[in-house]
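Colleague: What follows is data.txt; its format and atoms are compact mmCIF, C-alpha atoms.
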```txt
# COMPACT_ATOMS: atom_id res chain seq x y z
CA MET A 1 69.79 213.98 64.08
CA HIS A 2 66.99 212.64 66.28
CA ALA A 3 64.95 215.65 67.49
CA SER A 4 64.15 216.08 71.18
CA GLY A 5 61.42 218.61 70.42
CA ALA A 6 62.48 222.05 71.65
CA GLU A 7 62.95 223.49 68.16
CA GLN A 8 59.66 221.94 67.05
CA VAL A 9 57.79 223.63 69.91
CA GLU A 10 59.29 226.98 68.96
CA GLU A 11 58.50 226.51 65.28
CA ALA A 12 54.91 225.46 65.95
CA VAL A 13 54.29 228.45 68.22
CA ALA A 14 55.86 230.90 65.75
CA HIS A 15 53.79 229.52 62.88
CA SER A 16 50.59 229.69 64.92
CA VAL A 17 51.18 233.22 66.17
CA ALA A 18 51.95 234.40 62.63
CA ALA A 19 48.69 232.95 61.32
CA LEU A 20 46.49 234.22 64.16
CA GLY A 21 48.29 237.52 64.52
CA ALA A 22 46.70 238.66 61.26
CA VAL A 23 43.21 238.53 62.80
CA THR A 24 43.71 239.92 66.30
CA ASP A 25 41.36 242.77 65.40
CA ARG A 26 38.46 240.30 65.19
CA ASP A 27 36.11 239.40 68.07
CA TRP A 28 37.43 236.03 69.21
CA THR A 29 34.96 235.68 72.06
CA GLY A 30 32.04 235.68 69.65
CA VAL A 31 33.38 232.98 67.35
CA ARG A 32 33.30 229.27 68.06
CA ALA A 33 36.61 227.47 67.44
CA GLY A 34 35.79 224.93 64.74
CA ARG A 35 34.06 221.89 66.21
CA LEU A 36 34.96 222.75 69.80
CA GLU A 37 32.57 224.04 72.43
CA TRP A 38 35.00 226.87 73.25
CA ASP A 39 35.18 230.21 71.53
CA CYS A 40 38.45 231.25 69.91
CA HIS A 41 39.61 233.31 72.90
CA GLU A 42 39.02 230.39 75.29
CA THR A 43 40.81 228.05 72.90
CA ALA A 44 43.87 230.30 72.72
CA ALA A 45 43.93 230.52 76.51
CA HIS A 46 43.73 226.72 76.67
CA VAL A 47 46.80 226.42 74.43
CA ALA A 48 48.79 228.75 76.68
CA SER A 49 47.65 226.82 79.74
CA ASP A 50 48.71 223.47 78.28
CA LEU A 51 52.13 224.76 77.24
CA ILE A 52 52.94 226.06 80.71
CA ALA A 53 51.48 222.93 82.32
CA TYR A 54 53.76 220.69 80.27
CA ALA A 55 56.74 222.89 81.10
CA GLY A 56 55.79 222.66 84.77
CA GLN A 57 55.55 218.88 84.66
CA LEU A 58 59.06 218.59 83.25
CA ALA A 59 60.66 221.31 85.35
CA GLY A 60 59.00 220.07 88.54
CA ARG A 61 59.69 216.37 87.78
CA ALA A 62 56.05 215.74 88.69
CA GLN A 63 55.24 212.18 89.71
CA GLY A 64 51.72 210.80 90.14
CA ALA A 65 49.79 214.00 89.48
CA TYR A 66 49.84 217.38 87.79
CA VAL A 67 51.72 220.21 89.50
CA PRO A 68 48.84 222.08 91.23
CA PHE A 69 48.92 225.48 89.55
CA GLU A 70 47.18 227.34 86.74
CA ILE A 71 47.62 230.61 84.90
CA THR A 72 45.16 233.46 84.49
CA LEU A 73 45.34 235.66 81.43
CA ASP A 74 44.75 239.16 82.82
CA GLY A 75 44.83 242.19 80.59
CA SER A 76 44.75 244.96 83.18
CA ASP A 77 46.71 246.07 86.22
CA ASP A 78 43.87 245.18 88.58
CA GLY A 79 43.43 241.73 87.01
CA LEU A 80 39.72 242.27 86.32
CA ASP A 81 39.80 242.28 82.53
CA PRO A 82 40.78 239.32 80.32
CA ALA A 83 43.77 239.68 78.03
CA ASP A 84 42.99 240.89 74.54
CA ASN A 85 43.74 238.78 71.47
CA ALA A 86 47.25 240.14 71.01
CA GLY A 87 47.90 239.61 74.70
CA VAL A 88 46.85 235.97 74.52
CA LEU A 89 49.21 235.38 71.59
CA HIS A 90 51.99 236.98 73.62
CA VAL A 91 51.26 234.51 76.41
CA ILE A 92 51.34 231.61 73.95
CA THR A 93 54.73 232.80 72.71
CA THR A 94 55.98 233.05 76.28
CA THR A 95 54.66 229.70 77.50
CA GLY A 96 55.92 228.05 74.32
CA ALA A 97 59.38 229.41 75.06
CA LEU A 98 59.16 228.04 78.59
CA LEU A 99 58.22 224.58 77.34
CA ALA A 100 61.06 224.65 74.80
CA ALA A 101 63.48 225.64 77.57
CA ALA A 102 62.21 222.84 79.81
CA VAL A 103 62.66 220.31 76.99
CA ARG A 104 66.22 221.53 76.36
CA THR A 105 67.27 221.41 80.01
CA THR A 106 65.54 218.20 81.10
CA PRO A 107 67.75 215.10 80.96
CA ARG A 108 66.70 212.54 78.40
CA SER A 109 65.91 209.88 81.01
CA VAL A 110 63.49 211.99 83.08
CA ARG A 111 59.85 210.95 83.03
CA ALA A 112 57.09 213.13 84.48
CA PHE A 113 53.43 212.48 85.08
CA HIS A 114 50.93 212.48 82.25
CA PRO A 115 47.86 210.24 82.40
CA TYR A 116 47.76 208.83 78.84
CA PRO A 117 48.27 205.97 78.61
CA PHE A 118 51.10 204.83 80.90
CA ARG A 119 51.00 207.74 83.41
CA HIS A 120 54.31 209.26 82.34
CA ALA A 121 56.08 210.95 79.44
CA GLY A 122 59.61 212.07 78.64
CA ARG A 123 60.76 215.41 77.27
CA GLU A 124 60.13 214.29 73.69
CA GLY A 125 56.61 213.22 74.56
CA PHE A 126 55.80 216.51 76.26
CA ALA A 127 57.22 218.40 73.29
CA ALA A 128 55.06 216.38 70.90
CA MET A 129 51.98 216.98 73.03
CA GLY A 130 52.73 220.70 73.12
CA VAL A 131 53.18 220.86 69.36
CA ALA A 132 49.94 218.91 68.89
CA GLU A 133 48.01 221.34 71.11
CA VAL A 134 49.35 224.29 69.13
CA LEU A 135 48.75 222.83 65.66
CA LEU A 136 45.31 221.40 66.30
CA HIS A 137 43.85 224.30 68.22
CA THR A 138 45.26 226.83 65.78
CA HIS A 139 43.40 224.85 63.15
CA ASP A 140 40.22 225.03 65.24
CA MET A 141 40.54 228.78 65.65
CA ALA A 142 41.42 229.36 62.01
CA GLU A 143 38.43 227.31 60.94
CA GLY A 144 36.15 229.39 63.15
CA LEU A 145 37.65 232.68 62.01
CA GLY A 146 37.64 231.67 58.36
CA VAL A 147 41.37 232.02 57.75
CA ALA A 148 43.74 229.65 55.96
CA TYR A 149 46.13 227.59 58.06
CA GLU A 150 48.37 224.63 57.30
CA PRO A 151 51.46 223.94 59.44
CA PRO A 152 54.71 222.52 58.05
CA ALA A 153 54.49 218.81 57.26
CA GLU A 154 57.59 218.12 59.36
CA LEU A 155 55.85 219.34 62.51
CA CYS A 156 52.85 217.11 61.86
CA GLU A 157 55.14 214.13 61.26
CA PHE A 158 57.00 214.92 64.49
CA VAL A 159 53.71 214.60 66.37
CA LEU A 160 52.45 211.50 64.55
CA THR A 161 55.67 209.51 65.00
CA ARG A 162 55.90 210.29 68.73
CA ILE A 163 52.39 210.16 70.17
CA PHE A 164 50.22 208.57 67.46
CA PRO A 165 52.14 205.31 66.92
CA ARG A 166 49.05 203.29 66.01
CA VAL A 167 48.00 205.66 63.23
CA LYS A 168 49.00 204.37 59.79
CA PRO A 169 50.71 207.11 57.77
CA GLY A 170 48.40 208.73 55.23
CA PRO A 171 49.04 210.53 51.96
CA ALA A 172 50.37 213.58 53.86
CA PRO A 173 51.06 214.26 57.56
CA TRP A 174 48.67 217.21 58.11
CA PRO A 175 45.45 215.61 56.83
CA THR A 176 46.48 212.41 58.64
CA LEU A 177 46.81 214.28 61.93
CA LEU A 178 43.47 216.02 61.37
CA TRP A 179 41.81 212.66 60.63
CA ALA A 180 43.43 211.01 63.65
CA THR A 181 41.96 213.67 65.94
CA GLY A 182 38.45 213.68 64.47
CA ARG A 183 38.93 216.86 62.44
CA GLY A 184 38.94 215.56 58.90
CA GLU A 185 38.53 212.64 56.54
CA LEU A 186 40.93 210.32 54.75
CA PRO A 187 39.97 208.22 51.72
CA GLY A 188 39.32 204.63 52.66
CA ARG A 189 39.26 205.24 56.41
CA GLU A 190 36.33 205.46 58.78
CA PRO A 191 35.83 208.80 60.55
CA VAL A 192 37.45 209.05 64.00
CA THR A 193 34.94 209.78 66.75
CA ALA A 194 37.15 209.12 69.80
CA TRP A 195 40.90 209.41 70.06
CA ARG A 196 43.77 209.70 72.50
CA TRP A 197 47.46 210.08 71.93
CA CYS A 198 49.94 207.55 73.25
CA ASN A 199 53.32 208.13 74.85
CA ASN A 200 55.81 205.27 74.88
CA PRO A 201 55.85 202.63 77.65
CA VAL A 202 58.77 202.24 80.07
CA LEU A 203 59.44 199.25 82.36
CA ARG A 204 62.00 199.20 85.16
CA SER A 205 64.26 196.38 86.30
CA GLU A 206 66.90 196.49 89.02
CA ARG A 207 69.47 198.39 86.95
CA LEU A 208 67.75 199.13 83.65
CA ASP A 209 64.95 201.14 82.12
CA LEU A 210 63.28 199.28 79.27
CA GLU A 211 62.10 202.15 77.05
CA GLY A 212 59.52 201.42 74.39
CA VAL A 213 60.66 202.58 70.96
CA THR A 214 58.51 205.13 69.11
CA PRO A 215 58.13 205.02 65.32
CA ALA A 216 60.48 208.03 65.19
CA ALA A 217 63.18 206.24 67.19
CA ALA A 218 62.71 203.05 65.17
CA ALA A 219 63.16 204.99 61.93
CA SER A 220 66.39 206.50 63.23
CA LEU A 221 67.78 203.21 64.51
CA SER A 222 66.93 201.38 61.28
CA VAL A 223 69.10 203.69 59.16
CA ALA A 224 72.32 203.91 61.21
CA GLY A 225 71.04 206.57 63.66
CA ASP A 226 71.10 206.43 67.45
CA GLY A 227 67.34 206.73 68.04
CA GLY A 228 67.94 209.51 70.53
CA PHE A 229 70.00 207.27 72.84
CA THR A 230 73.66 207.33 73.84
CA TRP A 231 74.96 203.82 73.21
CA ALA A 232 77.59 201.97 75.18
CA GLY A 233 80.32 201.30 72.67
CA GLY A 234 79.06 204.05 70.38
CA ALA A 235 76.35 202.24 68.39
CA PRO A 236 73.63 199.59 68.75
CA ALA A 237 74.15 195.99 67.72
CA GLU A 238 72.97 194.84 64.31
CA GLY A 239 70.04 192.94 65.81
CA THR A 240 68.69 196.20 67.20
CA ARG A 241 68.77 197.79 63.75
CA VAL A 242 66.96 194.79 62.29
CA GLY A 243 64.32 194.94 65.03
CA ALA A 244 63.89 198.66 64.46
CA GLY A 245 63.35 198.03 60.78
CA ILE A 246 60.57 195.60 61.64
CA GLY A 247 59.01 198.31 63.78
CA VAL A 248 59.15 200.78 60.90
CA LYS A 249 57.41 198.30 58.62
CA GLN A 250 54.71 197.69 61.24
CA TYR A 251 54.15 201.44 61.57
CA GLU A 252 53.87 201.89 57.81
CA GLU A 253 51.28 199.09 57.73
CA GLY A 254 49.29 200.47 60.65
CA ALA A 255 50.21 197.47 62.81
CA PHE A 256 52.52 199.17 65.32
CA VAL A 257 51.51 198.42 68.93
CA PRO A 258 53.84 200.21 71.39
CA GLU A 259 53.60 197.69 74.22
CA TRP A 260 54.36 194.77 71.92
CA GLY A 261 57.25 196.30 70.04
CA MET A 262 60.94 196.85 70.78
CA TYR A 263 62.37 198.24 74.00
CA VAL A 264 65.81 199.81 74.31
CA LEU A 265 67.65 198.71 77.45
CA VAL A 266 69.06 201.79 79.18
CA ARG A 267 71.46 201.53 82.12
CA ARG A 268 70.22 203.95 84.76
CA GLU A 269 73.60 204.65 86.34
CA ASP A 270 74.91 206.44 83.25
CA ASP A 271 71.91 206.63 80.84
CA ARG A 272 73.74 204.44 78.32
CA ALA A 273 71.77 202.12 76.05
CA VAL A 274 73.21 198.61 76.27
CA GLY A 275 70.93 196.68 73.96
CA ALA A 276 67.37 196.04 72.86
CA MET A 277 64.67 193.50 73.59
CA GLY A 278 61.19 193.14 72.25
CA PHE A 279 58.33 191.14 70.89
CA HIS A 280 57.86 190.01 67.32
CA GLY A 281 54.33 191.37 67.54
CA PRO A 282 51.21 191.29 69.72
CA PRO A 283 50.15 187.93 71.22
CA GLY A 284 48.27 185.59 68.95
CA ALA A 285 44.89 184.02 69.56
CA ASP A 286 46.73 181.08 71.15
CA GLY A 287 48.05 183.33 73.94
CA ARG A 288 51.66 183.03 72.82
CA VAL A 289 54.12 185.85 72.18
CA GLU A 290 57.71 185.56 70.94
CA ILE A 291 60.56 187.62 72.33
CA GLY A 292 64.05 188.45 71.02
CA TYR A 293 67.01 190.51 72.19
CA ASP A 294 70.62 191.52 71.75
CA LEU A 295 73.30 193.49 73.62
CA VAL A 296 76.20 195.61 72.48
CA VAL A 297 79.49 193.78 72.90
CA GLU A 298 80.74 196.21 75.56
CA ALA A 299 77.78 195.42 77.86
CA ARG A 300 77.84 191.64 77.71
CA GLY A 301 78.70 189.50 80.71
CA ASN A 302 76.93 191.73 83.25
CA GLY A 303 73.59 189.95 83.43
CA TYR A 304 71.68 192.75 81.70
CA ALA A 305 69.96 190.47 79.19
CA THR A 306 68.78 188.07 81.88
CA GLU A 307 67.53 190.92 84.04
CA ALA A 308 65.64 192.55 81.18
CA LEU A 309 64.23 189.22 79.97
CA ARG A 310 62.82 188.46 83.39
CA THR A 311 61.23 191.90 83.57
CA LEU A 312 59.70 191.94 80.10
CA SER A 313 58.51 188.33 80.30
CA ALA A 314 56.88 188.93 83.69
CA TRP A 315 55.10 191.97 82.26
CA ALA A 316 53.87 189.98 79.26
CA LEU A 317 52.60 187.10 81.38
CA GLY A 318 50.74 189.62 83.51
CA GLN A 319 48.57 190.56 80.52
CA ASP A 320 45.27 188.75 80.07
CA ALA A 321 46.00 187.83 76.46
CA VAL A 322 49.26 185.97 77.22
CA HIS A 323 49.98 182.63 78.85
CA THR A 324 53.27 181.70 77.14
CA VAL A 325 56.39 183.64 76.19
CA VAL A 326 58.55 181.97 73.53
CA ALA A 327 62.26 182.48 72.76
CA VAL A 328 64.01 180.82 69.81
CA VAL A 329 67.79 180.57 70.06
CA GLU A 330 70.39 179.20 67.64
CA GLU A 331 71.99 175.96 68.81
CA THR A 332 75.41 177.55 68.40
CA ASN A 333 74.55 180.57 70.56
CA VAL A 334 75.45 179.17 73.98
CA PRO A 335 75.52 182.55 75.81
CA SER A 336 71.96 183.28 74.70
CA GLN A 337 70.86 179.81 75.79
CA LYS A 338 72.22 180.57 79.25
CA VAL A 339 70.32 183.87 79.32
CA VAL A 340 66.94 182.26 78.68
CA THR A 341 67.49 179.40 81.11
CA ARG A 342 68.61 181.80 83.86
CA ALA A 343 65.45 183.79 83.17
CA GLY A 344 63.36 180.69 83.87
CA PHE A 345 62.61 179.47 80.35
CA THR A 346 62.45 175.73 79.60
CA GLU A 347 63.56 174.03 76.40
CA VAL A 348 60.64 172.47 74.52
CA SER A 349 62.05 171.53 71.11
CA ARG A 350 65.01 171.54 68.71
CA GLN A 351 64.60 171.96 64.98
CA GLU A 352 66.79 173.03 62.05
CA GLY A 353 69.59 174.37 64.23
CA HIS A 354 67.32 176.28 66.62
CA ILE A 355 66.15 175.63 70.18
CA THR A 356 62.71 176.76 71.26
CA TYR A 357 62.22 177.79 74.90
CA GLU A 358 59.02 178.66 76.71
CA LEU A 359 58.04 180.45 79.89
CA ARG A 360 54.46 179.92 81.05
CA ALA A 361 52.25 181.83 83.41
```
Could you write out this file's structure as structure tokens?

Modeller:
Amino acid sequence: MHASGAEQVEEAVAHSVAALGAVTDRDWTGVRAGRLEWDCHETAAHVASDLIAYAGQLAGRAQGAYVPFEITLDGSDDGLDPADNAGVLHVITTTGALLAAAVRTTPRSVRAFHPYPFRHAGREGFAAMGVAEVLLHTHDMAEGLGVAYEPPAELCEFVLTRIFPRVKPGPAPWPTLLWATGRGELPGREPVTAWRWCNNPVLRSERLDLEGVTPAAAASLSVAGDGGFTWAGGAPAEGTRVGAGIGVKQYEEGAFVPEWGMYVLVRREDDRAVGAMGFHGPPGADGRVEIGYDLVVEARGNGYATEALRTLSAWALGQDAVHTVVAVVEETNVPSQKVVTRAGFTEVSRQEGHITYELRA
């Protein structure tokens, strides 16, 4: 089953609290957290703050900015003393539970503000960011305190396949995540000195949301899963599974680029996925990019493909690196030929049973 992230948040928090709970008798304020500028107490407070902030973004359906609030970790009735180490871990447990609850109760289609890189994220993205904060900063604190810590590989993979789509999988998920965030080394790879995670892109047309597929969703779709979507007719079309498989291969090769991958077409009125559309890869040096698509049988005849094609093509032609969008259609596929012509494409050639269409900037 495709995970939405609530259980992963809970597991990450429980694993972190168990590891750090063994050293609450130490002076966290006097120990720097790994390579960070913060001490261990400040780092733990930061984790709690991020967890509640992500929960607030989802629960408040924040658009355009963060919900303007913060938490203070007080350890006394008068609020003058900071929380002790055990108290901070209690807050992390609490805020982690709040984020997990927000992920569980937020509809799949909801997007809330987060700046990187497309200014929004869904519940799965916020869960992955929360898990990343917990895993990475627990590592920082453990490194500073001199205690052993290694989270479950499945949690690291959950993070990598949701918000690090450009990172080629390494020999194991945990060292790969550490390398991707400038905390470790991987054989054959240059050290990372600057990094930023990446939530999936979403474009909107009149009736549809075009949701960029993450490596996790692509993996699910390529092996008979649903990718986390509810599909009109019960399952995606075969072309979607083929496209997802291409995305998986690109991810495994370190060539996955979210904006230039596959998008699932989701009908806003009922949150049903009706098909998929996407690029064969990033634009070439010649400024051309090829696009393909399919719809489930139950959704055909409603103009969804034409609507989505206009939206995705317009987005592509708005990028500096693109001046031509190409679509190749079989000569026998008359409905698809009508889709591309209605979307403004022009036939430029016929060869070996295929028609090539172009749309130029």

Colleague: Taking only C-alpha atoms into account, which of A:Gly34, A:Gly21, A:Gly275, A:Gly130 comes nearest Val88 (chain A)?

Modeller: A:Gly21

Colleague: Taking into account all atoms listed in the file, which residue in the set A:Glu185, A:Val192, A:Val31, A:Ala6 is nearest to Ala102 (chain A)?

Modeller: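 Of A:Glu185, A:Val192, A:Val31, A:Ala6, the one nearest Ala102 (chain A), counting all atoms listed in the file, is A:Ala6.
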
Colleague: Find the residues around region 293-299 of chain A up to 8 Å (only C-alpha atoms counted), leave out those fewer than 6 positions away in its own chain, and share them as a PDB file with C-alpha atoms, in the coordinates of the input.

Modeller:
```pdb
ATOM      1  CA  ALA A 232      77.590 201.970  75.180  1.00  0.00           C
ATOM      2  CA  GLY A 233      80.320 201.300  72.670  1.00  0.00           C
ATOM      3  CA  ALA A 235      76.350 202.240  68.390  1.00  0.00           C
ATOM      4  CA  PRO A 236      73.630 199.590  68.750  1.00  0.00           C
ATOM      5  CA  ALA A 237      74.150 195.990  67.720  1.00  0.00           C
ATOM      6  CA  GLY A 239      70.040 192.940  65.810  1.00  0.00           C
ATOM      7  CA  THR A 240      68.690 196.200  67.200  1.00  0.00           C
ATOM      8  CA  VAL A 274      73.210 198.610  76.270  1.00  0.00           C
ATOM      9  CA  GLY A 275      70.930 196.680  73.960  1.00  0.00           C
ATOM     10  CA  ALA A 276      67.370 196.040  72.860  1.00  0.00           C
ATOM     11  CA  MET A 277      64.670 193.500  73.590  1.00  0.00           C
ATOM     12  CA  GLY A 278      61.190 193.140  72.250  1.00  0.00           C
ATOM     13  CA  ALA A 305      69.960 190.470  79.190  1.00  0.00           C
TER      14      ALA A 305
END
```

Colleague: Residues within 10 Å of Val134 (chain A), please, as a list in words. Count only C-alpha atoms; anything in the same chain fewer than 3 positions from it doesn't count.

Modeller: Val9, Ala12, Val13, Ala14, His15, Ser16, Val17, Ala44, His46, Val47, Ala48, Asp50, Leu51, Ile92, Gly96, Ala128, Met129, Gly130, Val131, His137, Thr138, His139, Asp140 and Pro151 of chain A

Colleague: Tell me which protein, DNA and RNA residues are within 10 Å of Pro68 (chain A), counting only C-alpha atoms, leaving out same-chain ones fewer than 4 positions away, and put them as a PDB file with C-alpha atoms, in the coordinates of the input.

Modeller:
```
ATOM      1  CA  ALA A  53      51.480 222.930  82.320  1.00  0.00           C
ATOM      2  CA  GLY A  56      55.790 222.660  84.770  1.00  0.00           C
ATOM      3  CA  GLN A  57      55.550 218.880  84.660  1.00  0.00           C
ATOM      4  CA  ALA A  62      56.050 215.740  88.690  1.00  0.00           C
TER       5      ALA A  62
END
```

Colleague: Rank nothing, just name the residue among A:Phe113, A:Phe345, A:Tyr54, A:Tyr149 nearest to Ala18 (chain A), using all atoms listed in the file.

Modeller: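 Comparing A:Phe113, A:Phe345, A:Tyr54, A:Tyr149 against Ala18 (chain A), the winner is A:Tyr149.
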
Colleague: With distances taken over only C-alpha atoms, which residue among A:Val289, A:Ala361, A:Leu186, A:Val202 lies nearest Gly122 (chain A)?

Modeller: A:Val202

Colleague: Residues near Val322 (chain A), anyone? I mean within 10 Å using all atoms listed in the file, not counting same-chain ones fewer than 6 positions away, as a list in words.

Modeller: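 The residues that qualify are Pro282, Pro283, Gly284, Ala285, Asp286, Gly287, Arg288, Val289, Trp315, Ala316, Arg360 and Ala361 of chain A.
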